[in-house]
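Q: Have a peek at final_1.csv (CSV, C-alpha atoms).
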```csv
chain,number,residue,atom,x,y,z
A,1008,MET,CA,59.6,59.9,29.0
A,1009,GLU,CA,55.9,60.3,29.1
A,1010,LYS,CA,55.6,59.4,25.4
A,1011,LYS,CA,57.3,56.0,26.0
A,1012,LYS,CA,54.9,55.1,28.8
A,1013,ARG,CA,52.0,56.2,26.7
A,1014,GLY,CA,53.1,54.1,23.8
A,1015,LYS,CA,53.6,51.1,25.9
A,1016,SER,CA,50.1,51.4,27.4
A,1017,LEU,CA,48.5,51.7,23.9
A,1018,LEU,CA,50.4,48.6,22.8
A,1019,SER,CA,49.2,46.7,25.9
A,1020,LEU,CA,45.6,47.9,25.3
A,1021,SER,CA,45.7,46.8,21.6
A,1022,THR,CA,47.2,43.4,22.6
A,1023,LEU,CA,44.5,43.0,25.2
A,1024,LEU,CA,41.7,43.9,22.7
A,1025,ALA,CA,43.2,41.6,20.0
A,1026,SER,CA,43.3,38.7,22.5
A,1027,PHE,CA,39.7,39.4,23.5
A,1028,PHE,CA,38.6,39.6,19.9
A,1029,GLY,CA,40.4,36.3,19.1
A,1030,ALA,CA,38.9,34.5,22.0
A,1031,THR,CA,35.4,35.8,21.1
A,1032,MET,CA,35.8,34.6,17.5
A,1033,ILE,CA,36.9,31.1,18.7
A,1034,ALA,CA,33.9,31.0,21.1
A,1035,LEU,CA,31.5,32.0,18.4
A,1036,ALA,CA,32.9,29.4,16.0
A,1037,PHE,CA,32.6,26.7,18.6
A,1038,ALA,CA,29.0,27.7,19.4
A,1039,TYR,CA,28.1,27.7,15.7
A,1040,PHE,CA,29.6,24.3,15.2
A,1041,ASN,CA,27.6,22.9,18.2
A,1042,TYR,CA,24.4,24.5,16.9
A,1043,LYS,CA,24.9,23.0,13.4
A,1044,PHE,CA,25.7,19.6,14.9
A,1045,SER,CA,22.6,19.7,17.1
A,1046,GLU,CA,20.4,20.4,14.1
A,1047,TYR,CA,20.8,16.9,12.9
A,1048,LYS,CA,18.6,14.3,14.7
A,1049,PHE,CA,19.2,10.8,15.9
A,1050,ILE,CA,17.1,7.7,15.3
A,1051,ASP,CA,17.4,4.6,17.5
A,1052,PHE,CA,15.9,1.6,15.7
A,1053,LYS,CA,15.5,-0.2,19.1
A,1054,GLU,CA,13.1,2.6,20.2
A,1055,TRP,CA,11.5,3.4,16.8
A,1056,ILE,CA,10.1,0.2,15.5
A,1057,PHE,CA,9.8,-0.2,11.7
A,1058,TYR,CA,8.6,-3.3,9.9
A,1059,GLU,CA,9.7,-5.0,6.7
A,1060,LYS,CA,6.5,-6.9,5.7
A,1061,SER,CA,5.8,-8.4,9.1
A,1062,ASP,CA,9.4,-8.6,10.5
A,1063,ILE,CA,10.9,-5.9,12.7
A,1064,PHE,CA,13.6,-4.0,10.7
A,1065,ILE,CA,17.1,-4.3,12.1
A,1066,PRO,CA,19.7,-2.1,10.4
A,1067,LYS,CA,22.8,-3.8,9.1
A,1068,ALA,CA,24.6,-1.1,7.0
A,1069,ASP,CA,26.7,1.7,8.3
A,1070,LYS,CA,24.9,4.3,6.1
A,1071,TYR,CA,21.5,4.5,4.5
A,1072,ILE,CA,19.6,6.9,2.2
A,1073,VAL,CA,16.2,7.5,3.8
A,1074,VAL,CA,13.4,8.3,1.4
A,1075,PHE,CA,10.1,9.3,2.9
A,1076,TYR,CA,7.4,8.9,0.1
A,1077,SER,CA,3.8,8.4,-0.6
A,1078,SER,CA,2.8,5.1,-2.2
A,1079,ARG,CA,-0.3,6.8,-3.6
A,1080,GLU,CA,1.8,8.6,-6.1
A,1081,LYS,CA,1.6,6.3,-9.2
A,1082,GLY,CA,4.7,4.2,-9.8
A,1083,THR,CA,6.6,5.4,-6.8
A,1084,MET,CA,7.2,2.0,-5.2
A,1085,ASN,CA,8.4,0.5,-8.4
A,1086,LYS,CA,10.8,3.4,-9.1
A,1087,LEU,CA,12.2,3.0,-5.6
A,1088,ALA,CA,12.5,-0.8,-5.9
A,1089,ASN,CA,14.4,-0.4,-9.2
A,1090,THR,CA,16.7,2.3,-8.1
A,1091,ASN,CA,20.2,0.9,-7.9
A,1092,LEU,CA,22.6,3.0,-5.8
A,1093,ASN,CA,25.8,2.1,-3.9
A,1094,ILE,CA,24.1,3.1,-0.6
A,1095,PRO,CA,21.1,1.0,0.5
A,1096,ILE,CA,17.7,2.8,0.6
A,1097,LEU,CA,15.2,2.8,3.4
A,1098,ALA,CA,11.9,3.7,1.8
A,1099,ILE,CA,9.4,4.8,4.4
A,1100,ASP,CA,5.8,5.0,3.1
A,1101,TYR,CA,3.4,7.5,4.5
A,1102,TYR,CA,0.5,5.2,3.9
A,1103,ASN,CA,2.3,2.0,5.3
A,1104,LYS,CA,1.7,-0.3,2.3
A,1105,VAL,CA,3.4,-3.6,2.4
A,1106,ARG,CA,5.9,-4.2,-0.4
A,1107,PRO,CA,8.6,-6.8,-0.8
A,1108,ASN,CA,12.2,-5.5,-0.6
A,1109,SER,CA,14.4,-5.3,-3.7
A,1110,LYS,CA,18.1,-5.8,-3.8
A,1111,THR,CA,19.0,-2.2,-2.7
A,1112,THR,CA,15.7,-0.9,-1.3
A,1113,THR,CA,14.2,-1.9,2.0
A,1114,PHE,CA,10.5,-0.9,2.3
A,1115,LEU,CA,9.5,0.1,5.8
A,1116,ARG,CA,6.3,0.8,7.5
A,1117,SER,CA,5.2,1.5,11.1
A,1118,GLY,CA,2.3,2.4,13.3
A,1119,THR,CA,0.6,5.8,13.1
A,1120,LYS,CA,2.2,7.1,16.3
A,1121,ASN,CA,5.7,6.1,15.1
A,1122,SER,CA,5.1,7.6,11.7
A,1123,LEU,CA,3.9,10.9,13.1
A,1124,SER,CA,6.8,11.0,15.5
A,1125,PHE,CA,9.3,10.3,12.7
A,1126,ILE,CA,7.7,13.1,10.5
A,1127,GLN,CA,7.9,15.5,13.5
A,1128,ARG,CA,11.4,14.5,14.6
A,1129,PHE,CA,12.9,15.1,11.1
A,1130,ASN,CA,10.6,18.0,10.1
A,1131,ILE,CA,9.4,16.4,7.0
A,1132,TYR,CA,6.9,18.6,5.1
A,1133,GLU,CA,7.0,17.2,1.6
A,1134,SER,CA,6.9,13.9,-0.2
A,1135,PRO,CA,9.2,12.5,-1.5
A,1136,SER,CA,11.9,13.7,0.9
A,1137,ILE,CA,15.4,12.4,1.2
A,1138,PHE,CA,18.3,12.4,3.7
A,1139,PHE,CA,21.2,10.3,4.8
A,1140,ILE,CA,21.7,8.6,8.1
A,1141,LYS,CA,25.0,7.2,9.4
A,1142,LYS,CA,25.6,4.6,12.1
A,1143,HIS,CA,26.6,6.2,15.4
A,1144,LYS,CA,26.4,3.2,17.8
A,1145,GLU,CA,24.8,-0.2,17.4
A,1146,SER,CA,21.2,0.6,16.4
A,1147,LEU,CA,21.6,4.4,16.9
A,1148,TYR,CA,21.9,6.4,13.6
A,1149,LYS,CA,22.5,10.1,13.1
A,1150,GLN,CA,21.1,12.2,10.3
A,1151,ASP,CA,24.1,12.9,8.1
A,1152,SER,CA,22.6,15.5,5.6
A,1153,MET,CA,20.0,18.1,5.3
A,1154,ILE,CA,16.5,16.9,4.4
A,1155,ARG,CA,15.8,17.7,0.7
A,1156,LYS,CA,12.7,17.3,-1.4
A,1157,LEU,CA,13.0,15.3,-4.5
A,1158,ASP,CA,11.2,16.9,-7.3
A,1159,ASN,CA,11.0,13.6,-9.2
A,1160,LEU,CA,12.0,10.1,-8.1
A,1161,ASP,CA,13.3,9.5,-11.6
A,1162,LYS,CA,16.1,11.9,-10.7
A,1163,LEU,CA,17.0,10.1,-7.5
A,1164,SER,CA,20.3,8.5,-8.8
A,1165,LYS,CA,21.3,11.9,-10.4
A,1166,GLU,CA,20.6,13.7,-7.1
A,1167,ILE,CA,22.6,11.2,-5.0
A,1168,ASN,CA,25.5,11.3,-7.4
A,1169,ASN,CA,25.6,15.1,-7.2
A,1170,LEU,CA,25.7,15.2,-3.4
```
Rewrite the coordinates I just gave you, this time as structure tokens.
A:
Amino acid sequence: MEKKKRGKSLLSLSTLLASFFGATMIALAFAYFNYKFSEYKFIDFKEWIFYEKSDIFIPKADKYIVVFYSSREKGTMNKLANTNLNIPILAIDYYNKVRPNSKTTTFLRSGTKNSLSFIQRFNIYESPSIFFIKKHKESLYKQDSMIRKLDNLDKLSKEINNL
């Protein structure tokens, strides 16, 4: 009879350990998901003012490709203006040069404080860099991809199609 009791207690202990292990795995998966979700940042276009020429930019699309670039790189603005993708481009210039918008590209600029806050918020270290944003509520957009450096603006449409 002692063997039966001992077998039952081992079964109970293994069931308890399996339940604990399962609950731990679920908790870890949940924590990892929350961590990954929190890595992506928000941008509220009511608080962060960007300009198209002299008008304040008001987003209209549900999704944008954000390209942070330097207008001092020769031909960059023309390449961005002539890039034709199915998602509109928000081109944010580090040097804040004014440029008329094209059919699919909106050229944005802002004050120094706003530009530096943008660079810091999204941890942008290289130019040109690219990422997606997606509408969350009204003027609030959430980063929808990792920030990637574009090696060459000529490859922009190839890079986007491969994502």
Q: Which residue out of A:Lys1048, A:Lys1060, A:Lys1104, A:Lys1120 has the minimum interatomic distance to Lys1149 in chain A when all atoms listed in the file are used?
A: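 Once distances to Lys1149 in chain A are computed over all atoms listed in the file, the minimum belongs to A:Lys1048.
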Q: How many Å separate CA of Ile1126 in chain A from CA of Asn1093 in chain A?
A: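 Pair CA of Ile1126 in chain A / CA of Asn1093 in chain A returns 25.6 Å.
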Q: Find the residue from A:Phe1138, A:Phe1114, A:Tyr1071, A:Trp1055 that sits nearest to Pro1095 in chain A; use all atoms listed in the file when measuring.
A: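 The closest residue to Pro1095 in chain A is A:Tyr1071.
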Q: Could you jot down the CA of Asn1121 in chain A to CA of Asp1051 in chain A separation for me, Å, one decimal place?
A: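 Interatomic distance here is 12.0 Å.
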Q: For CA of Ser1122 in chain A and CA of Glu1080 in chain A, determine how far apart the two atoms are, in Å to one decimal place.
A: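 Taking CA of Ser1122 in chain A as the start and CA of Glu1080 in chain A as the end point, the length is 18.1 Å.
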Q: Go through A:Thr1113, A:Ser1021, A:Gln1150, A:Ser1124 and flag the residue nearest Ala1098 in chain A, using all atoms listed in the file for the distances.
A: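 For Ala1098 in chain A, the nearest of the given residues is A:Thr1113.
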Q: Neighbours of Ser1134 in chain A within 10 Å (all atoms listed in the file; same-chain residues fewer than 5 positions away dropped), as JSON, numbers by chain?
A: {"A": [1074, 1075, 1076, 1077, 1078, 1080, 1100, 1101, 1155, 1156, 1157, 1158, 1159]}
Q: What would the file look like if the residues just selected were written as a PDB file, in the coordinates of the input with C-alpha atoms?
A:
```pdb
ATOM      1  CA  VAL A1074      13.400   8.300   1.400  1.00  0.00           C
ATOM      2  CA  PHE A1075      10.100   9.300   2.900  1.00  0.00           C
ATOM      3  CA  TYR A1076       7.400   8.900   0.100  1.00  0.00           C
ATOM      4  CA  SER A1077       3.800   8.400  -0.600  1.00  0.00           C
ATOM      5  CA  SER A1078       2.800   5.100  -2.200  1.00  0.00           C
ATOM      6  CA  GLU A1080       1.800   8.600  -6.100  1.00  0.00           C
ATOM      7  CA  ASP A1100       5.800   5.000   3.100  1.00  0.00           C
ATOM      8  CA  TYR A1101       3.400   7.500   4.500  1.00  0.00           C
ATOM      9  CA  ARG A1155      15.800  17.700   0.700  1.00  0.00           C
ATOM     10  CA  LYS A1156      12.700  17.300  -1.400  1.00  0.00           C
ATOM     11  CA  LEU A1157      13.000  15.300  -4.500  1.00  0.00           C
ATOM     12  CA  ASP A1158      11.200  16.900  -7.300  1.00  0.00           C
ATOM     13  CA  ASN A1159      11.000  13.600  -9.200  1.00  0.00           C
TER      14      ASN A1159
END
```
Q: Looking at A:Ser1026, A:Ser1152, A:Asn1089, A:Thr1119, which one is nearest to Phe1139 in chain A, with distances taken over all atoms listed in the file?
A: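 Closest to Phe1139 in chain A of all the choices is A:Ser1152.
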Q: Need the shell around Pro1107 in chain A: protein/DNA/RNA residues with any atom at most 12 Å away, counting all atoms listed in the file. Skip same-chain ones fewer than 6 positions apart. Format as an NGL selection string?
A: :A and (1058-1062 or 1084-1085 or 1087-1088 or 1098 or 1113-1116)
Q: Go ahead and save the residues from that selection, with C-alpha atoms, as a PDB file, in the frame of the given file.
A:
```
ATOM      1  CA  TYR A1058       8.600  -3.300   9.900  1.00  0.00           C
ATOM      2  CA  GLU A1059       9.700  -5.000   6.700  1.00  0.00           C
ATOM      3  CA  LYS A1060       6.500  -6.900   5.700  1.00  0.00           C
ATOM      4  CA  SER A1061       5.800  -8.400   9.100  1.00  0.00           C
ATOM      5  CA  ASP A1062       9.400  -8.600  10.500  1.00  0.00           C
ATOM      6  CA  MET A1084       7.200   2.000  -5.200  1.00  0.00           C
ATOM      7  CA  ASN A1085       8.400   0.500  -8.400  1.00  0.00           C
ATOM      8  CA  LEU A1087      12.200   3.000  -5.600  1.00  0.00           C
ATOM      9  CA  ALA A1088      12.500  -0.800  -5.900  1.00  0.00           C
ATOM     10  CA  ALA A1098      11.900   3.700   1.800  1.00  0.00           C
ATOM     11  CA  THR A1113      14.200  -1.900   2.000  1.00  0.00           C
ATOM     12  CA  PHE A1114      10.500  -0.900   2.300  1.00  0.00           C
ATOM     13  CA  LEU A1115       9.500   0.100   5.800  1.00  0.00           C
ATOM     14  CA  ARG A1116       6.300   0.800   7.500  1.00  0.00           C
TER      15      ARG A1116
END
```
Q: Taking only C-alpha atoms into account, name the residue in A:Met1032, A:Ile1072, A:Ile1099, A:Ile1063 that is nearest to Thr1111 in chain A.
A: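 Distance minimum relative to Thr1111 in chain A lands on A:Ile1072.
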Q: Would you mind telling me which residue in A:Leu1147, A:Val1073, A:Met1153, A:Ile1096 lies nearest to Ile1050 in chain A when using all atoms listed in the file?
A: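 Residue with the minimum atom-to-atom distance to Ile1050 in chain A: A:Leu1147.
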Q: What would the file be for range 1042-1077 of chain A if you keep N, CA, C and O atoms and write it as a PDB file, in the first residue's frame?
A:
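Okay, decode.pdb is ready:
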```pdb
ATOM      1  N   TYR A1042       6.922  43.935 -23.876  1.00  0.00           N
ATOM      2  CA  TYR A1042       8.197  44.604 -24.083  1.00  0.00           C
ATOM      3  C   TYR A1042       8.379  44.972 -25.551  1.00  0.00           C
ATOM      4  O   TYR A1042       8.745  46.096 -25.881  1.00  0.00           O
ATOM      5  N   LYS A1043       8.122  44.031 -26.451  1.00  0.00           N
ATOM      6  CA  LYS A1043       8.268  44.293 -27.881  1.00  0.00           C
ATOM      7  C   LYS A1043       7.305  45.386 -28.333  1.00  0.00           C
ATOM      8  O   LYS A1043       7.643  46.232 -29.141  1.00  0.00           O
ATOM      9  N   PHE A1044       6.083  45.357 -27.804  1.00  0.00           N
ATOM     10  CA  PHE A1044       5.091  46.363 -28.174  1.00  0.00           C
ATOM     11  C   PHE A1044       5.530  47.745 -27.696  1.00  0.00           C
ATOM     12  O   PHE A1044       5.361  48.729 -28.388  1.00  0.00           O
ATOM     13  N   SER A1045       6.135  47.808 -26.535  1.00  0.00           N
ATOM     14  CA  SER A1045       6.533  49.097 -25.979  1.00  0.00           C
ATOM     15  C   SER A1045       7.776  49.665 -26.656  1.00  0.00           C
ATOM     16  O   SER A1045       8.079  50.835 -26.491  1.00  0.00           O
ATOM     17  N   GLU A1046       8.508  48.833 -27.399  1.00  0.00           N
ATOM     18  CA  GLU A1046       9.681  49.329 -28.114  1.00  0.00           C
ATOM     19  C   GLU A1046       9.294  50.346 -29.182  1.00  0.00           C
ATOM     20  O   GLU A1046      10.037  51.268 -29.458  1.00  0.00           O
ATOM     21  N   TYR A1047       8.150  50.167 -29.786  1.00  0.00           N
ATOM     22  CA  TYR A1047       7.708  51.071 -30.828  1.00  0.00           C
ATOM     23  C   TYR A1047       7.098  52.318 -30.207  1.00  0.00           C
ATOM     24  O   TYR A1047       6.381  52.270 -29.226  1.00  0.00           O
ATOM     25  N   LYS A1048       7.391  53.448 -30.793  1.00  0.00           N
ATOM     26  CA  LYS A1048       7.030  54.738 -30.227  1.00  0.00           C
ATOM     27  C   LYS A1048       5.803  55.332 -30.926  1.00  0.00           C
ATOM     28  O   LYS A1048       5.457  54.961 -32.029  1.00  0.00           O
ATOM     29  N   PHE A1049       5.195  56.283 -30.240  1.00  0.00           N
ATOM     30  CA  PHE A1049       4.060  57.018 -30.785  1.00  0.00           C
ATOM     31  C   PHE A1049       4.497  58.413 -31.198  1.00  0.00           C
ATOM     32  O   PHE A1049       5.448  58.962 -30.652  1.00  0.00           O
ATOM     33  N   ILE A1050       3.773  58.967 -32.148  1.00  0.00           N
ATOM     34  CA  ILE A1050       3.959  60.362 -32.533  1.00  0.00           C
ATOM     35  C   ILE A1050       2.575  60.981 -32.697  1.00  0.00           C
ATOM     36  O   ILE A1050       1.723  60.452 -33.405  1.00  0.00           O
ATOM     37  N   ASP A1051       2.348  62.066 -31.988  1.00  0.00           N
ATOM     38  CA  ASP A1051       1.078  62.787 -32.061  1.00  0.00           C
ATOM     39  C   ASP A1051       1.326  64.070 -32.844  1.00  0.00           C
ATOM     40  O   ASP A1051       2.051  64.957 -32.384  1.00  0.00           O
ATOM     41  N   PHE A1052       0.724  64.168 -34.015  1.00  0.00           N
ATOM     42  CA  PHE A1052       0.962  65.312 -34.883  1.00  0.00           C
ATOM     43  C   PHE A1052       0.285  66.581 -34.391  1.00  0.00           C
ATOM     44  O   PHE A1052       0.473  67.648 -34.966  1.00  0.00           O
ATOM     45  N   LYS A1053      -0.501  66.488 -33.312  1.00  0.00           N
ATOM     46  CA  LYS A1053      -1.021  67.706 -32.673  1.00  0.00           C
ATOM     47  C   LYS A1053       0.028  68.301 -31.743  1.00  0.00           C
ATOM     48  O   LYS A1053       0.074  69.500 -31.545  1.00  0.00           O
ATOM     49  N   GLU A1054       0.868  67.444 -31.164  1.00  0.00           N
ATOM     50  CA  GLU A1054       1.922  67.905 -30.263  1.00  0.00           C
ATOM     51  C   GLU A1054       3.226  68.170 -31.000  1.00  0.00           C
ATOM     52  O   GLU A1054       3.964  69.074 -30.642  1.00  0.00           O
ATOM     53  N   TRP A1055       3.545  67.352 -31.984  1.00  0.00           N
ATOM     54  CA  TRP A1055       4.772  67.498 -32.757  1.00  0.00           C
ATOM     55  C   TRP A1055       4.403  68.204 -34.054  1.00  0.00           C
ATOM     56  O   TRP A1055       3.829  67.597 -34.952  1.00  0.00           O
ATOM     57  N   ILE A1056       4.748  69.458 -34.156  1.00  0.00           N
ATOM     58  CA  ILE A1056       4.352  70.263 -35.308  1.00  0.00           C
ATOM     59  C   ILE A1056       5.407  70.150 -36.413  1.00  0.00           C
ATOM     60  O   ILE A1056       6.578  70.441 -36.214  1.00  0.00           O
ATOM     61  N   PHE A1057       4.936  69.713 -37.577  1.00  0.00           N
ATOM     62  CA  PHE A1057       5.761  69.679 -38.781  1.00  0.00           C
ATOM     63  C   PHE A1057       5.093  70.569 -39.825  1.00  0.00           C
ATOM     64  O   PHE A1057       3.876  70.744 -39.812  1.00  0.00           O
ATOM     65  N   TYR A1058       5.907  71.117 -40.723  1.00  0.00           N
ATOM     66  CA  TYR A1058       5.392  72.029 -41.740  1.00  0.00           C
ATOM     67  C   TYR A1058       5.636  71.488 -43.137  1.00  0.00           C
ATOM     68  O   TYR A1058       6.677  70.909 -43.419  1.00  0.00           O
ATOM     69  N   GLU A1059       4.640  71.717 -44.020  1.00  0.00           N
ATOM     70  CA  GLU A1059       4.797  71.525 -45.461  1.00  0.00           C
ATOM     71  C   GLU A1059       4.892  72.941 -45.999  1.00  0.00           C
ATOM     72  O   GLU A1059       3.927  73.688 -45.861  1.00  0.00           O
ATOM     73  N   LYS A1060       5.996  73.304 -46.555  1.00  0.00           N
ATOM     74  CA  LYS A1060       6.251  74.703 -46.919  1.00  0.00           C
ATOM     75  C   LYS A1060       5.979  75.560 -45.688  1.00  0.00           C
ATOM     76  O   LYS A1060       6.717  75.503 -44.731  1.00  0.00           O
ATOM     77  N   SER A1061       4.877  76.339 -45.677  1.00  0.00           N
ATOM     78  CA  SER A1061       4.578  77.165 -44.504  1.00  0.00           C
ATOM     79  C   SER A1061       3.322  76.703 -43.771  1.00  0.00           C
ATOM     80  O   SER A1061       2.954  77.271 -42.761  1.00  0.00           O
ATOM     81  N   ASP A1062       2.650  75.672 -44.293  1.00  0.00           N
ATOM     82  CA  ASP A1062       1.433  75.163 -43.661  1.00  0.00           C
ATOM     83  C   ASP A1062       1.756  74.049 -42.675  1.00  0.00           C
ATOM     84  O   ASP A1062       2.682  73.254 -42.889  1.00  0.00           O
ATOM     85  N   ILE A1063       0.961  73.960 -41.617  1.00  0.00           N
ATOM     86  CA  ILE A1063       1.128  72.877 -40.644  1.00  0.00           C
ATOM     87  C   ILE A1063       0.644  71.579 -41.280  1.00  0.00           C
ATOM     88  O   ILE A1063      -0.424  71.532 -41.897  1.00  0.00           O
ATOM     89  N   PHE A1064       1.440  70.533 -41.130  1.00  0.00           N
ATOM     90  CA  PHE A1064       1.100  69.224 -41.680  1.00  0.00           C
ATOM     91  C   PHE A1064       0.011  68.572 -40.837  1.00  0.00           C
ATOM     92  O   PHE A1064       0.117  68.486 -39.615  1.00  0.00           O
ATOM     93  N   ILE A1065      -1.042  68.122 -41.512  1.00  0.00           N
ATOM     94  CA  ILE A1065      -2.122  67.369 -40.874  1.00  0.00           C
ATOM     95  C   ILE A1065      -2.222  66.036 -41.612  1.00  0.00           C
ATOM     96  O   ILE A1065      -2.543  66.008 -42.802  1.00  0.00           O
ATOM     97  N   PRO A1066      -1.938  64.925 -40.922  1.00  0.00           N
ATOM     98  CA  PRO A1066      -1.949  63.618 -41.597  1.00  0.00           C
ATOM     99  C   PRO A1066      -3.359  63.215 -42.025  1.00  0.00           C
ATOM    100  O   PRO A1066      -4.325  63.477 -41.319  1.00  0.00           O
ATOM    101  N   LYS A1067      -3.441  62.598 -43.201  1.00  0.00           N
ATOM    102  CA  LYS A1067      -4.733  62.165 -43.728  1.00  0.00           C
ATOM    103  C   LYS A1067      -4.777  60.656 -43.974  1.00  0.00           C
ATOM    104  O   LYS A1067      -5.831  60.051 -43.894  1.00  0.00           O
ATOM    105  N   ALA A1068      -3.636  60.063 -44.278  1.00  0.00           N
ATOM    106  CA  ALA A1068      -3.582  58.627 -44.587  1.00  0.00           C
ATOM    107  C   ALA A1068      -3.528  57.806 -43.299  1.00  0.00           C
ATOM    108  O   ALA A1068      -3.177  58.312 -42.234  1.00  0.00           O
ATOM    109  N   ASP A1069      -3.879  56.539 -43.421  1.00  0.00           N
ATOM    110  CA  ASP A1069      -3.834  55.634 -42.269  1.00  0.00           C
ATOM    111  C   ASP A1069      -2.431  55.092 -42.018  1.00  0.00           C
ATOM    112  O   ASP A1069      -2.122  54.652 -40.915  1.00  0.00           O
ATOM    113  N   LYS A1070      -1.595  55.121 -43.045  1.00  0.00           N
ATOM    114  CA  LYS A1070      -0.250  54.565 -42.920  1.00  0.00           C
ATOM    115  C   LYS A1070       0.706  55.417 -43.746  1.00  0.00           C
ATOM    116  O   LYS A1070       0.347  55.882 -44.832  1.00  0.00           O
ATOM    117  N   TYR A1071       1.907  55.621 -43.221  1.00  0.00           N
ATOM    118  CA  TYR A1071       2.932  56.379 -43.929  1.00  0.00           C
ATOM    119  C   TYR A1071       4.271  55.654 -43.833  1.00  0.00           C
ATOM    120  O   TYR A1071       4.528  54.923 -42.879  1.00  0.00           O
ATOM    121  N   ILE A1072       5.106  55.928 -44.822  1.00  0.00           N
ATOM    122  CA  ILE A1072       6.512  55.555 -44.760  1.00  0.00           C
ATOM    123  C   ILE A1072       7.237  56.834 -44.347  1.00  0.00           C
ATOM    124  O   ILE A1072       7.100  57.863 -45.009  1.00  0.00           O
ATOM    125  N   VAL A1073       7.968  56.786 -43.256  1.00  0.00           N
ATOM    126  CA  VAL A1073       8.725  57.951 -42.807  1.00  0.00           C
ATOM    127  C   VAL A1073      10.170  57.756 -43.247  1.00  0.00           C
ATOM    128  O   VAL A1073      10.783  56.738 -42.942  1.00  0.00           O
ATOM    129  N   VAL A1074      10.672  58.740 -43.972  1.00  0.00           N
ATOM    130  CA  VAL A1074      12.074  58.719 -44.395  1.00  0.00           C
ATOM    131  C   VAL A1074      12.740  59.939 -43.788  1.00  0.00           C
ATOM    132  O   VAL A1074      12.361  61.074 -44.066  1.00  0.00           O
ATOM    133  N   PHE A1075      13.698  59.702 -42.927  1.00  0.00           N
ATOM    134  CA  PHE A1075      14.493  60.778 -42.351  1.00  0.00           C
ATOM    135  C   PHE A1075      15.762  60.857 -43.181  1.00  0.00           C
ATOM    136  O   PHE A1075      16.493  59.876 -43.293  1.00  0.00           O
ATOM    137  N   TYR A1076      16.021  62.014 -43.783  1.00  0.00           N
ATOM    138  CA  TYR A1076      17.116  62.117 -44.746  1.00  0.00           C
ATOM    139  C   TYR A1076      17.840  63.445 -44.599  1.00  0.00           C
ATOM    140  O   TYR A1076      17.389  64.344 -43.878  1.00  0.00           O
ATOM    141  N   SER A1077      18.927  63.586 -45.325  1.00  0.00           N
ATOM    142  CA  SER A1077      19.681  64.828 -45.371  1.00  0.00           C
ATOM    143  C   SER A1077      19.592  65.408 -46.775  1.00  0.00           C
ATOM    144  O   SER A1077      19.972  64.762 -47.748  1.00  0.00           O
TER     145      SER A1077
END
```
